[in-house]
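So this block is work.cif, mmCIF, C-alpha atoms:
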data_target
loop_
_atom_site.label_atom_id
_atom_site.label_comp_id
_atom_site.auth_asym_id
_atom_site.auth_seq_id
_atom_site.Cartn_x
_atom_site.Cartn_y
_atom_site.Cartn_z
CA MET A 7 2.94 -1.20 74.55
CA ARG A 8 3.12 0.96 71.44
CA THR A 9 2.64 4.69 71.03
CA TYR A 10 0.95 5.81 67.83
CA VAL A 11 -1.01 8.74 66.45
CA SER A 12 -4.79 8.40 66.31
CA LEU A 13 -6.67 10.61 63.83
CA ARG A 14 -10.33 11.10 64.62
CA ASN A 15 -12.73 13.81 63.42
CA GLY A 16 -9.91 15.90 62.03
CA SER A 17 -7.82 15.93 65.25
CA ALA A 18 -4.69 13.95 66.14
CA ARG A 19 -3.59 12.60 69.50
CA GLU A 20 -0.94 10.21 70.79
CA VAL A 21 -2.19 6.92 72.16
CA SER A 22 -0.27 4.26 74.08
CA THR A 23 -1.79 0.81 74.05
CA GLU A 24 -1.14 -2.82 73.21
CA VAL A 25 -0.67 -3.88 69.60
CA VAL A 26 -1.53 -7.49 68.87
CA GLY A 27 1.54 -9.74 69.02
CA GLU A 28 2.61 -12.23 66.38
CA GLN A 29 5.54 -14.63 66.07
CA PRO A 30 6.75 -17.58 64.01
CA LEU A 31 6.69 -20.97 65.76
CA THR A 32 8.68 -23.79 64.16
CA ILE A 33 7.59 -27.29 65.13
CA TYR A 34 10.15 -30.10 65.18
CA VAL A 35 8.95 -33.69 65.54
CA ASP A 36 11.69 -36.07 66.68
CA ASP A 37 14.29 -33.54 65.46
CA VAL A 38 12.68 -33.30 62.01
CA ARG A 39 11.46 -29.84 61.03
CA PHE A 40 7.74 -30.12 60.31
CA LEU A 41 6.55 -26.57 59.60
CA THR A 42 6.45 -22.98 60.82
CA LEU A 43 3.23 -21.38 62.03
CA LEU A 44 2.55 -17.67 62.46
CA CYS A 45 0.70 -17.26 65.73
CA SER A 46 0.10 -15.23 68.86
CA PRO A 47 2.90 -15.60 71.45
CA PHE A 48 0.84 -17.35 74.15
CA SER A 49 -0.80 -20.76 74.75
CA LEU A 50 1.77 -22.32 72.44
CA GLU A 51 1.72 -25.84 73.90
CA PRO A 52 -2.03 -26.26 73.26
CA LEU A 53 -1.46 -24.87 69.75
CA VAL A 54 1.23 -27.46 68.98
CA LEU A 55 -0.78 -30.35 70.43
CA GLY A 56 -3.95 -29.29 68.68
CA TYR A 57 -2.24 -28.80 65.34
CA LEU A 58 -0.51 -32.19 65.47
CA TRP A 59 -3.79 -33.85 66.40
CA MET A 60 -5.67 -32.08 63.61
CA GLU A 61 -3.06 -33.25 61.09
CA LYS A 62 -3.25 -36.82 62.44
CA VAL A 63 0.37 -36.84 63.56
CA ILE A 64 -0.84 -37.78 67.05
CA SER A 65 -4.06 -39.38 68.22
CA GLY A 66 -3.79 -38.28 71.84
CA LEU A 67 -1.51 -37.22 74.69
CA ASP A 68 -0.22 -40.78 75.09
CA ASP A 69 1.62 -40.38 71.78
CA VAL A 70 3.66 -37.45 73.14
CA VAL A 71 6.68 -38.20 75.30
CA SER A 72 7.70 -34.57 75.70
CA LEU A 73 6.91 -31.10 74.37
CA GLU A 74 9.20 -28.13 74.94
CA VAL A 75 8.58 -24.65 73.58
CA SER A 76 11.42 -22.12 73.59
CA ASP A 77 10.48 -18.49 74.12
CA VAL A 78 13.94 -17.50 72.89
CA ASP A 79 13.99 -18.89 69.33
CA GLY A 80 10.33 -19.74 68.71
CA ARG A 81 10.96 -23.48 68.48
CA ALA A 82 8.74 -26.31 69.65
CA ASP A 83 10.41 -29.71 70.10
CA VAL A 84 8.10 -32.70 70.21
CA ARG A 85 9.18 -36.24 71.09
CA LEU A 86 6.79 -39.01 70.17
CA ALA A 87 6.42 -42.47 71.67
CA ALA A 88 6.64 -44.13 68.25
CA PRO A 89 8.05 -43.14 64.85
CA VAL A 90 5.65 -41.40 62.45
CA THR A 91 5.72 -40.42 58.81
CA LEU A 92 5.00 -36.72 58.65
CA PRO A 93 2.61 -35.57 55.91
CA SER A 94 4.37 -33.54 53.22
CA GLU A 95 1.78 -32.21 50.74
CA ARG A 96 1.23 -28.75 52.13
CA ILE A 97 -1.87 -26.74 51.24
CA LEU A 98 -1.92 -22.99 51.81
CA THR A 99 -5.26 -22.23 53.42
CA SER A 100 -7.31 -19.06 53.56
CA GLY A 101 -6.40 -18.68 57.23
CA CYS A 102 -4.92 -15.51 58.68
CA GLY A 103 -1.19 -15.42 58.11
CA GLY A 104 -1.41 -18.08 55.40
CA GLY A 105 -2.24 -21.18 57.42
CA ILE A 106 -1.02 -24.58 56.28
CA THR A 107 -2.83 -27.88 56.35
CA PHE A 108 -1.84 -31.28 55.03
CA ARG A 109 -5.19 -33.08 55.18
CA ILE A 110 -7.95 -31.13 53.44
CA ASP A 111 -9.50 -34.09 51.56
CA PRO A 112 -13.07 -34.46 52.95
CA ARG A 113 -12.96 -38.20 52.17
CA LEU A 114 -10.64 -38.53 55.18
CA PHE A 115 -13.46 -37.33 57.45
CA PRO A 116 -16.43 -39.59 58.25
CA ARG A 117 -19.91 -38.07 58.20
CA LEU A 118 -21.14 -37.08 61.65
CA HIS A 119 -24.35 -38.58 62.99
CA SER A 120 -25.32 -36.42 65.95
CA THR A 121 -28.62 -35.94 67.74
CA LEU A 122 -27.54 -32.56 69.14
CA ARG A 123 -30.30 -29.94 69.09
CA VAL A 124 -29.58 -26.41 70.29
CA ARG A 125 -31.89 -23.42 70.58
CA PRO A 126 -30.80 -20.45 68.45
CA SER A 127 -31.08 -18.22 71.52
CA ASP A 128 -28.48 -20.36 73.32
CA VAL A 129 -26.09 -20.05 70.38
CA CYS A 130 -26.54 -16.26 70.39
CA ALA A 131 -25.91 -16.15 74.14
CA ARG A 132 -22.74 -18.27 73.90
CA VAL A 133 -21.32 -16.08 71.12
CA ARG A 134 -21.94 -13.12 73.39
CA ASP A 135 -20.12 -15.00 76.18
CA LEU A 136 -17.20 -15.61 73.83
CA GLN A 137 -16.90 -11.92 73.04
CA ALA A 138 -16.89 -11.11 76.75
CA ALA A 139 -14.20 -13.75 77.42
CA CYS A 140 -11.74 -12.53 74.76
CA GLU A 141 -9.31 -10.61 76.97
CA HIS A 142 -6.60 -10.14 74.33
CA TYR A 143 -9.14 -8.77 71.86
CA ARG A 144 -10.27 -6.16 74.36
CA ALA A 145 -6.65 -5.16 74.99
CA SER A 146 -5.38 -4.92 71.42
CA ARG A 147 -8.10 -5.81 68.88
CA GLY A 148 -6.94 -7.55 65.70
CA ILE A 149 -7.19 -11.04 67.19
CA HIS A 150 -9.64 -13.94 66.84
CA GLY A 151 -11.40 -15.91 69.51
CA ALA A 152 -12.80 -19.44 69.58
CA ALA A 153 -14.62 -21.46 72.19
CA LEU A 154 -15.91 -24.95 72.87
CA SER A 155 -19.37 -24.99 74.43
CA ASP A 156 -21.92 -27.51 75.64
CA GLY A 157 -24.69 -25.05 74.82
CA GLU A 158 -25.10 -23.81 78.38
CA ARG A 159 -21.57 -22.53 79.06
CA LEU A 160 -18.13 -22.08 77.55
CA LEU A 161 -15.83 -24.99 78.34
CA ILE A 162 -12.62 -23.69 76.71
CA VAL A 163 -11.71 -20.28 75.25
CA ALA A 164 -8.70 -19.52 73.05
CA GLU A 165 -7.41 -16.51 71.14
CA ASP A 166 -4.91 -16.08 68.32
CA VAL A 167 -4.13 -13.84 65.37
CA GLY A 168 -5.10 -16.84 63.22
CA ARG A 169 -8.68 -18.05 63.55
CA HIS A 170 -7.52 -21.57 62.62
CA ASN A 171 -4.81 -21.39 65.30
CA ALA A 172 -7.45 -20.50 67.88
CA VAL A 173 -9.35 -23.69 66.98
CA ASP A 174 -6.15 -25.75 67.23
CA LYS A 175 -5.59 -24.28 70.68
CA ILE A 176 -9.11 -25.34 71.65
CA LYS A 177 -8.38 -28.95 70.71
CA GLY A 178 -4.94 -28.90 72.33
CA GLU A 179 -6.36 -27.60 75.59
CA ALA A 180 -9.15 -30.16 75.41
CA LEU A 181 -6.53 -32.91 75.15
CA ARG A 182 -4.62 -31.52 78.12
CA ARG A 183 -7.75 -31.26 80.28
CA GLY A 184 -9.44 -34.45 79.12
CA ILE A 185 -12.50 -32.62 77.77
CA PRO A 186 -14.31 -34.43 74.92
CA THR A 187 -15.00 -32.30 71.85
CA GLU A 188 -17.61 -34.61 70.33
CA ASN A 189 -21.21 -33.34 70.30
CA ARG A 190 -20.12 -29.87 71.37
CA ILE A 191 -20.49 -26.45 69.75
CA LEU A 192 -17.52 -24.68 68.20
CA LEU A 193 -17.78 -20.89 68.30
CA SER A 194 -15.56 -18.51 66.36
CA THR A 195 -15.26 -14.79 65.80
CA GLY A 196 -13.79 -15.39 62.34
CA ARG A 197 -14.93 -16.58 58.94
CA ILE A 198 -15.94 -20.23 58.63
CA SER A 199 -13.78 -21.41 55.75
CA SER A 200 -13.27 -24.96 54.48
CA GLU A 201 -10.34 -25.73 56.77
CA MET A 202 -12.26 -24.40 59.77
CA LEU A 203 -15.18 -26.67 58.87
CA LEU A 204 -12.87 -29.68 58.50
CA LYS A 205 -11.25 -28.97 61.86
CA ALA A 206 -14.70 -28.98 63.45
CA SER A 207 -15.61 -32.24 61.72
CA ARG A 208 -12.33 -33.82 62.83
CA MET A 209 -13.18 -32.84 66.42
CA GLY A 210 -16.61 -34.46 66.13
CA VAL A 211 -18.32 -31.07 66.46
CA PRO A 212 -21.78 -31.04 64.83
CA LEU A 213 -22.40 -27.28 65.11
CA VAL A 214 -20.12 -24.38 64.13
CA ALA A 215 -21.24 -20.81 64.77
CA SER A 216 -19.61 -17.48 63.98
CA ARG A 217 -20.33 -13.77 64.07
CA THR A 218 -19.32 -13.62 60.42
CA SER A 219 -19.91 -15.66 57.27
CA PRO A 220 -19.11 -19.14 56.00
CA THR A 221 -17.64 -19.73 52.57
CA GLU A 222 -19.49 -21.64 49.86
CA MET A 223 -16.97 -24.49 50.11
CA ALA A 224 -17.48 -24.66 53.88
CA VAL A 225 -21.26 -24.93 53.46
CA THR A 226 -20.86 -27.65 50.82
CA LEU A 227 -18.52 -29.61 53.10
CA ALA A 228 -20.92 -29.13 56.00
CA GLU A 229 -23.72 -30.71 53.96
CA GLN A 230 -21.47 -33.64 53.07
CA LEU A 231 -20.17 -34.17 56.61
CA GLY A 232 -23.32 -33.60 58.65
CA VAL A 233 -22.20 -30.35 60.29
CA THR A 234 -24.55 -27.47 61.04
CA VAL A 235 -23.26 -24.01 60.13
CA ALA A 236 -24.59 -20.81 61.71
CA GLY A 237 -23.27 -17.44 60.58
CA TYR A 238 -23.80 -13.78 61.36
CA VAL A 239 -24.81 -14.68 64.91
CA ARG A 240 -26.11 -11.60 66.70
CA GLY A 241 -28.22 -10.96 69.77
CA ASP A 242 -31.39 -10.94 67.72
CA GLY A 243 -30.77 -13.86 65.38
CA LEU A 244 -28.51 -15.83 63.07
CA ASN A 245 -28.34 -17.42 59.63
CA CYS A 246 -28.48 -21.22 59.35
CA TYR A 247 -26.67 -22.32 56.19
CA ALA A 248 -26.64 -26.11 56.62
CA GLY A 249 -27.47 -28.87 59.06
CA THR A 250 -30.13 -29.87 61.57
CA ALA A 251 -28.55 -29.18 64.98
CA LEU A 252 -30.38 -25.87 65.40
CA ASP A 253 -33.88 -26.11 66.82
CA LEU A 254 -35.46 -23.69 64.37
CA ASP A 255 -38.94 -24.42 65.70
CA THR A 256 -38.25 -22.33 68.84
CA PRO A 257 -36.89 -18.95 67.70
CA ALA A 258 -38.96 -16.89 70.15
CA PRO A 259 -36.35 -16.54 72.96
CA LEU A 260 -34.10 -14.56 70.57
CA ALA A 261 -35.89 -11.37 71.55
CA ALA A 262 -34.79 -11.89 75.14
CA ALA A 263 -31.23 -12.55 74.01
CA ALA A 264 -31.22 -9.31 72.05
CA SER A 265 -32.27 -7.27 75.08
CA ALA A 266 -29.68 -8.85 77.39
CA PRO A 267 -26.55 -6.75 78.14
#

Could you render the structure from this file as structure tokens?
Amino acid sequence: MRTYVSLRNGSAREVSTEVVGEQPLTIYVDDVRFLTLLCSPFSLEPLVLGYLWMEKVISGLDDVVSLEVSDVDGRADVRLAAPVTLPSERILTSGCGGGITFRIDPRLFPRLHSTLRVRPSDVCARVRDLQAACEHYRASRGIHGAALSDGERLLIVAEDVGRHNAVDKIKGEALRRGIPTENRILLSTGRISSEMLLKASRMGVPLVASRTSPTEMAVTLAEQLGVTVAGYVRGDGLNCYAGTALDLDTPAPLAAAASAP
């Protein structure tokens, strides 16, 4: 809890509430320092697993012999079943806190061929569900949420100060629970940037939706990789920037979504 002064309408008052937490997390793979992430101090094991999977260090849980995260010194120690060569060309992304990726080349990602078709009203409803499920956001604000959905419900929800970290946590938790990410919907409260789009493509997700905007590079990558991008999702509608996964022939139910609580 933090106590601070809130100024509103010319008057000041003391307020005690949560302030969003943030910490460095240094990942070691077989005693070799890989990198340090800035992240929220919870759900760290899914974050590590998801990040390593996204960067193609692991292909699944069978590759991981052990994973230990220390709350004392912010260190994650990963032991793998077989030696790996860690990627070394780091790219500073547009993610919150200066995210790092090693594999941003879209040629490494095959084009998706999905028959998924989702009603816009269902996407609007699931984004609303995501907002309702973000407990840390309600407590402290200043934090992003992400979710994996099958269109009818949320399968996994994650939060982090970094929107890219929240997506990594989604994949890590999916690995732990044996939930496929292919042909699902990825929801986010944050901007859809190029690295967010590539994470979705890597997960086999044909539809990415957010309450805010995509970047031009993300839309271009989406066109190349067969990913549908929906932005500015609200109760009464959304923008479709690329792709065919949205059933745009049936927009009528959006009015009902807008009137729902």

Open item on the list: Evaluated on this file, the PyMOL selection byres ((chain A and resi 34) around 9) picks out some residues - which ones are they, written as an MDAnalysis selection string?
Closed with: chainID A and resid 32:33 35:41 81:85

Those residues with C-alpha atoms, as a JSON list (two decimals), in the frame of the given file please?
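selection-v3.json, freshly written:
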[["chain", "number", "residue", "atom", "x", "y", "z"],
["A", 32, "THR", "CA", 8.68, -23.79, 64.16],
["A", 33, "ILE", "CA", 7.59, -27.29, 65.13],
["A", 35, "VAL", "CA", 8.95, -33.69, 65.54],
["A", 36, "ASP", "CA", 11.69, -36.07, 66.68],
["A", 37, "ASP", "CA", 14.29, -33.54, 65.46],
["A", 38, "VAL", "CA", 12.68, -33.30, 62.01],
["A", 39, "ARG", "CA", 11.46, -29.84, 61.03],
["A", 40, "PHE", "CA", 7.74, -30.12, 60.31],
["A", 41, "LEU", "CA", 6.55, -26.57, 59.60],
["A", 81, "ARG", "CA", 10.96, -23.48, 68.48],
["A", 82, "ALA", "CA", 8.74, -26.31, 69.65],
["A", 83, "ASP", "CA", 10.41, -29.71, 70.10],
["A", 84, "VAL", "CA", 8.10, -32.70, 70.21],
["A", 85, "ARG", "CA", 9.18, -36.24, 71.09]]

- [ ] Please provide the set of residues having any atom within 7 Å of Gly157 of chain A, restricted to only C-alpha atoms, with same-chain residues fewer than 5 positions apart removed, written as a VMD selection string.
- [x] chain A and resid 124 128 to 129 191

Test item: the PyMOL selection byres ((chain A and resi 149) around 7) resolved as a compact mmCIF listing (two decimals) with C-alpha atoms, in the frame of the given file:
# COMPACT_ATOMS: atom_id res chain seq x y z
CA VAL A 26 -1.53 -7.49 68.87
CA TYR A 143 -9.14 -8.77 71.86
CA ARG A 147 -8.10 -5.81 68.88
CA GLY A 148 -6.94 -7.55 65.70
CA HIS A 150 -9.64 -13.94 66.84
CA GLY A 151 -11.40 -15.91 69.51
CA GLU A 165 -7.41 -16.51 71.14
CA ASP A 166 -4.91 -16.08 68.32
CA VAL A 167 -4.13 -13.84 65.37

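Using only C-alpha atoms, the shortest contact distance between Gly241 of chain A and any of A:Ser127, A:Ser216, A:Ser194, A:Ser146 is found at A:Ser127.
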
TODO: Run through the PyMOL selection byres ((chain A and resi 247) around 12) on the given coordinates and return the selected residues as a PyMOL selection string.
DONE: chain A and resi 198+213-216+219-229+233-239+244-246+248-252

Open item on the list: Let me make sure I understand: among A:Ala172, A:Leu254, A:Leu181, A:Cys130, which one has the smallest atom-to-atom distance to Asp69 of chain A if we use only C-alpha atoms?
Closed with: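 Ranking A:Ala172, A:Leu254, A:Leu181, A:Cys130 by distance to Asp69 of chain A, first place goes to A:Leu181.
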
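Closest approach to Glu141 of chain A among A:Leu204, A:Val163, A:Gly232, A:Leu55: A:Val163, based on all atoms listed in the file.
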
Task: Residue with smallest distance to Cys45 of chain A - pool A:Asn171, A:Thr187, A:Gln230, A:Ser17, counting all atoms listed in the file - done: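 Going through A:Asn171, A:Thr187, A:Gln230, A:Ser17 one by one, the smallest distance to Cys45 of chain A is for A:Asn171.
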
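Checking A:Glu20, A:Asp174, A:Glu61, A:Glu158 one by one against Ser94 of chain A, counting all atoms listed in the file, you find the shortest gap at A:Glu61.
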
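Shortest atom-to-atom contact with Thr23 of chain A among A:Ser199, A:Thr121, A:Ser49, A:Thr9: A:Thr9, counting all atoms listed in the file.
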
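Computed from the coordinates, the atom CA of Tyr57 of chain A to atom CA of Arg217 of chain A distance equals 23.6 Å.
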
TODO: Record the distance separating atom CA of Arg208 of chain A and atom CA of Val71 of chain A, expressed in Å with one decimal.
DONE: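 A separation of 23.2 Å between them.
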
TODO: For atom CA of Lys175 of chain A and atom CA of Gly56 of chain A, quote the distance in Å rounded to one decimal.
DONE: 5.6 Å

Task: Who sits within 8 Å of Ser22 of chain A, all atoms listed in the file, same chain under 3 positions skipped, as number ranges by chain - done: A: 7-10

- [ ] Considering only C-alpha atoms, return as a list in words whatever protein or nucleic-acid residues lie within 9 Å of Asn189 of chain A, sequence-local ones (same chain, fewer than 3 positions apart) excluded.
- [x]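 Everything that qualifies: Ser120, Thr121, Leu122, Asp156, Pro186, Met209, Gly210, Val211, Pro212 and Leu213 of chain A.
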
From the coordinates supplied, segment 65-182 of chain A should be written with C-alpha atoms, as a PDB file, in the first residue's frame.
ATOM      1  CA  SER A  65       9.288 -26.455 -27.584  1.00  0.00           C
ATOM      2  CA  GLY A  66       7.287 -27.721 -24.613  1.00  0.00           C
ATOM      3  CA  LEU A  67       7.310 -28.725 -20.958  1.00  0.00           C
ATOM      4  CA  ASP A  68       9.210 -31.921 -21.754  1.00  0.00           C
ATOM      5  CA  ASP A  69      12.273 -29.788 -22.504  1.00  0.00           C
ATOM      6  CA  VAL A  70      12.308 -28.396 -18.948  1.00  0.00           C
ATOM      7  CA  VAL A  71      13.831 -30.502 -16.189  1.00  0.00           C
ATOM      8  CA  SER A  72      13.335 -27.894 -13.478  1.00  0.00           C
ATOM      9  CA  LEU A  73      12.345 -24.264 -13.004  1.00  0.00           C
ATOM     10  CA  GLU A  74      12.968 -22.382  -9.767  1.00  0.00           C
ATOM     11  CA  VAL A  75      12.127 -18.732  -9.208  1.00  0.00           C
ATOM     12  CA  SER A  76      13.629 -16.929  -6.213  1.00  0.00           C
ATOM     13  CA  ASP A  77      11.497 -14.243  -4.589  1.00  0.00           C
ATOM     14  CA  VAL A  78      14.599 -12.986  -2.786  1.00  0.00           C
ATOM     15  CA  ASP A  79      16.905 -12.017  -5.668  1.00  0.00           C
ATOM     16  CA  GLY A  80      14.567 -12.055  -8.672  1.00  0.00           C
ATOM     17  CA  ARG A  81      16.322 -14.972 -10.347  1.00  0.00           C
ATOM     18  CA  ALA A  82      14.802 -17.774 -12.392  1.00  0.00           C
ATOM     19  CA  ASP A  83      16.937 -20.902 -12.850  1.00  0.00           C
ATOM     20  CA  VAL A  84      15.937 -23.186 -15.691  1.00  0.00           C
ATOM     21  CA  ARG A  85      17.418 -26.642 -16.300  1.00  0.00           C
ATOM     22  CA  LEU A  86      16.828 -28.147 -19.711  1.00  0.00           C
ATOM     23  CA  ALA A  87      16.801 -31.778 -20.771  1.00  0.00           C
ATOM     24  CA  ALA A  88      19.257 -31.120 -23.608  1.00  0.00           C
ATOM     25  CA  PRO A  89      21.855 -28.426 -24.365  1.00  0.00           C
ATOM     26  CA  VAL A  90      20.655 -25.436 -26.392  1.00  0.00           C
ATOM     27  CA  THR A  91      22.305 -22.506 -28.107  1.00  0.00           C
ATOM     28  CA  LEU A  92      20.686 -19.382 -26.751  1.00  0.00           C
ATOM     29  CA  PRO A  93      19.852 -16.654 -29.289  1.00  0.00           C
ATOM     30  CA  SER A  94      22.046 -13.578 -28.865  1.00  0.00           C
ATOM     31  CA  GLU A  95      20.851 -10.847 -31.266  1.00  0.00           C
ATOM     32  CA  ARG A  96      18.642  -8.838 -28.963  1.00  0.00           C
ATOM     33  CA  ILE A  97      16.017  -6.458 -30.342  1.00  0.00           C
ATOM     34  CA  LEU A  98      14.552  -3.772 -28.103  1.00  0.00           C
ATOM     35  CA  THR A  99      10.816  -3.848 -28.714  1.00  0.00           C
ATOM     36  CA  SER A 100       8.143  -1.219 -28.226  1.00  0.00           C
ATOM     37  CA  GLY A 101       6.842  -3.149 -25.219  1.00  0.00           C
ATOM     38  CA  CYS A 102       6.311  -1.566 -21.826  1.00  0.00           C
ATOM     39  CA  GLY A 103       9.565  -1.440 -19.900  1.00  0.00           C
ATOM     40  CA  GLY A 104      11.603  -1.968 -23.070  1.00  0.00           C
ATOM     41  CA  GLY A 105      10.826  -5.592 -23.902  1.00  0.00           C
ATOM     42  CA  ILE A 106      13.428  -7.748 -25.612  1.00  0.00           C
ATOM     43  CA  THR A 107      12.945 -10.307 -28.326  1.00  0.00           C
ATOM     44  CA  PHE A 108      15.449 -12.344 -30.294  1.00  0.00           C
ATOM     45  CA  ARG A 109      13.247 -13.616 -33.118  1.00  0.00           C
ATOM     46  CA  ILE A 110      11.351 -10.817 -34.850  1.00  0.00           C
ATOM     47  CA  ASP A 111      11.987 -11.968 -38.443  1.00  0.00           C
ATOM     48  CA  PRO A 112       8.531 -12.815 -39.902  1.00  0.00           C
ATOM     49  CA  ARG A 113      10.158 -15.364 -42.229  1.00  0.00           C
ATOM     50  CA  LEU A 114      10.546 -17.585 -39.154  1.00  0.00           C
ATOM     51  CA  PHE A 115       6.749 -17.734 -38.816  1.00  0.00           C
ATOM     52  CA  PRO A 116       4.647 -19.802 -41.247  1.00  0.00           C
ATOM     53  CA  ARG A 117       1.436 -18.271 -42.578  1.00  0.00           C
ATOM     54  CA  LEU A 118      -1.642 -19.411 -40.666  1.00  0.00           C
ATOM     55  CA  HIS A 119      -4.447 -21.161 -42.524  1.00  0.00           C
ATOM     56  CA  SER A 120      -7.412 -21.093 -40.170  1.00  0.00           C
ATOM     57  CA  THR A 121     -11.129 -21.499 -40.784  1.00  0.00           C
ATOM     58  CA  LEU A 122     -12.014 -19.697 -37.543  1.00  0.00           C
ATOM     59  CA  ARG A 123     -14.991 -17.337 -37.884  1.00  0.00           C
ATOM     60  CA  VAL A 124     -16.110 -15.265 -34.907  1.00  0.00           C
ATOM     61  CA  ARG A 125     -19.012 -12.851 -34.577  1.00  0.00           C
ATOM     62  CA  PRO A 126     -17.940  -9.288 -33.731  1.00  0.00           C
ATOM     63  CA  SER A 127     -20.437  -9.282 -30.858  1.00  0.00           C
ATOM     64  CA  ASP A 128     -18.636 -12.262 -29.288  1.00  0.00           C
ATOM     65  CA  VAL A 129     -15.299 -10.466 -29.521  1.00  0.00           C
ATOM     66  CA  CYS A 130     -16.816  -7.394 -27.850  1.00  0.00           C
ATOM     67  CA  ALA A 131     -18.293  -9.555 -25.101  1.00  0.00           C
ATOM     68  CA  ARG A 132     -14.995 -11.366 -24.435  1.00  0.00           C
ATOM     69  CA  VAL A 133     -13.078  -8.078 -24.197  1.00  0.00           C
ATOM     70  CA  ARG A 134     -15.648  -6.986 -21.652  1.00  0.00           C
ATOM     71  CA  ASP A 135     -15.077 -10.278 -19.793  1.00  0.00           C
ATOM     72  CA  LEU A 136     -11.337  -9.615 -19.823  1.00  0.00           C
ATOM     73  CA  GLN A 137     -11.801  -6.202 -18.245  1.00  0.00           C
ATOM     74  CA  ALA A 138     -13.971  -7.733 -15.529  1.00  0.00           C
ATOM     75  CA  ALA A 139     -11.373 -10.466 -14.856  1.00  0.00           C
ATOM     76  CA  CYS A 140      -8.394  -8.111 -14.415  1.00  0.00           C
ATOM     77  CA  GLU A 141      -8.183  -8.049 -10.610  1.00  0.00           C
ATOM     78  CA  HIS A 142      -4.796  -6.327 -10.390  1.00  0.00           C
ATOM     79  CA  TYR A 143      -5.956  -3.579 -12.738  1.00  0.00           C
ATOM     80  CA  ARG A 144      -8.943  -2.855 -10.528  1.00  0.00           C
ATOM     81  CA  ALA A 145      -6.685  -2.704  -7.465  1.00  0.00           C
ATOM     82  CA  SER A 146      -3.888  -0.511  -8.797  1.00  0.00           C
ATOM     83  CA  ARG A 147      -4.467   0.482 -12.451  1.00  0.00           C
ATOM     84  CA  GLY A 148      -1.364   0.865 -14.612  1.00  0.00           C
ATOM     85  CA  ILE A 149      -1.279  -2.801 -15.629  1.00  0.00           C
ATOM     86  CA  HIS A 150      -2.174  -4.739 -18.781  1.00  0.00           C
ATOM     87  CA  GLY A 151      -4.371  -7.758 -19.188  1.00  0.00           C
ATOM     88  CA  ALA A 152      -4.447 -10.535 -21.779  1.00  0.00           C
ATOM     89  CA  ALA A 153      -6.648 -13.559 -22.275  1.00  0.00           C
ATOM     90  CA  LEU A 154      -6.978 -16.663 -24.407  1.00  0.00           C
ATOM     91  CA  SER A 155     -10.533 -17.350 -25.531  1.00  0.00           C
ATOM     92  CA  ASP A 156     -12.438 -19.886 -27.590  1.00  0.00           C
ATOM     93  CA  GLY A 157     -14.974 -17.217 -28.494  1.00  0.00           C
ATOM     94  CA  GLU A 158     -17.518 -18.283 -25.900  1.00  0.00           C
ATOM     95  CA  ARG A 159     -15.445 -17.926 -22.722  1.00  0.00           C
ATOM     96  CA  LEU A 160     -12.047 -16.942 -21.368  1.00  0.00           C
ATOM     97  CA  LEU A 161      -9.734 -19.924 -20.995  1.00  0.00           C
ATOM     98  CA  ILE A 162      -6.723 -18.167 -19.426  1.00  0.00           C
ATOM     99  CA  VAL A 163      -6.273 -14.636 -18.051  1.00  0.00           C
ATOM    100  CA  ALA A 164      -2.956 -12.964 -17.226  1.00  0.00           C
ATOM    101  CA  GLU A 165      -1.849  -9.516 -16.104  1.00  0.00           C
ATOM    102  CA  ASP A 166       1.481  -7.706 -16.139  1.00  0.00           C
ATOM    103  CA  VAL A 167       2.961  -4.217 -16.356  1.00  0.00           C
ATOM    104  CA  GLY A 168       4.211  -5.297 -19.797  1.00  0.00           C
ATOM    105  CA  ARG A 169       1.551  -6.188 -22.343  1.00  0.00           C
ATOM    106  CA  HIS A 170       4.026  -8.556 -24.032  1.00  0.00           C
ATOM    107  CA  ASN A 171       4.751 -10.204 -20.659  1.00  0.00           C
ATOM    108  CA  ALA A 172       1.021 -10.805 -20.183  1.00  0.00           C
ATOM    109  CA  VAL A 173       0.944 -12.693 -23.500  1.00  0.00           C
ATOM    110  CA  ASP A 174       3.999 -14.742 -22.491  1.00  0.00           C
ATOM    111  CA  LYS A 175       2.205 -15.632 -19.263  1.00  0.00           C
ATOM    112  CA  ILE A 176      -0.788 -16.789 -21.302  1.00  0.00           C
ATOM    113  CA  LYS A 177       1.382 -19.191 -23.296  1.00  0.00           C
ATOM    114  CA  GLY A 178       3.268 -20.375 -20.214  1.00  0.00           C
ATOM    115  CA  GLU A 179       0.045 -21.135 -18.374  1.00  0.00           C
ATOM    116  CA  ALA A 180      -1.312 -22.876 -21.467  1.00  0.00           C
ATOM    117  CA  LEU A 181       1.749 -25.137 -21.461  1.00  0.00           C
ATOM    118  CA  ARG A 182       1.311 -25.916 -17.775  1.00  0.00           C
TER     119      ARG A 182
END
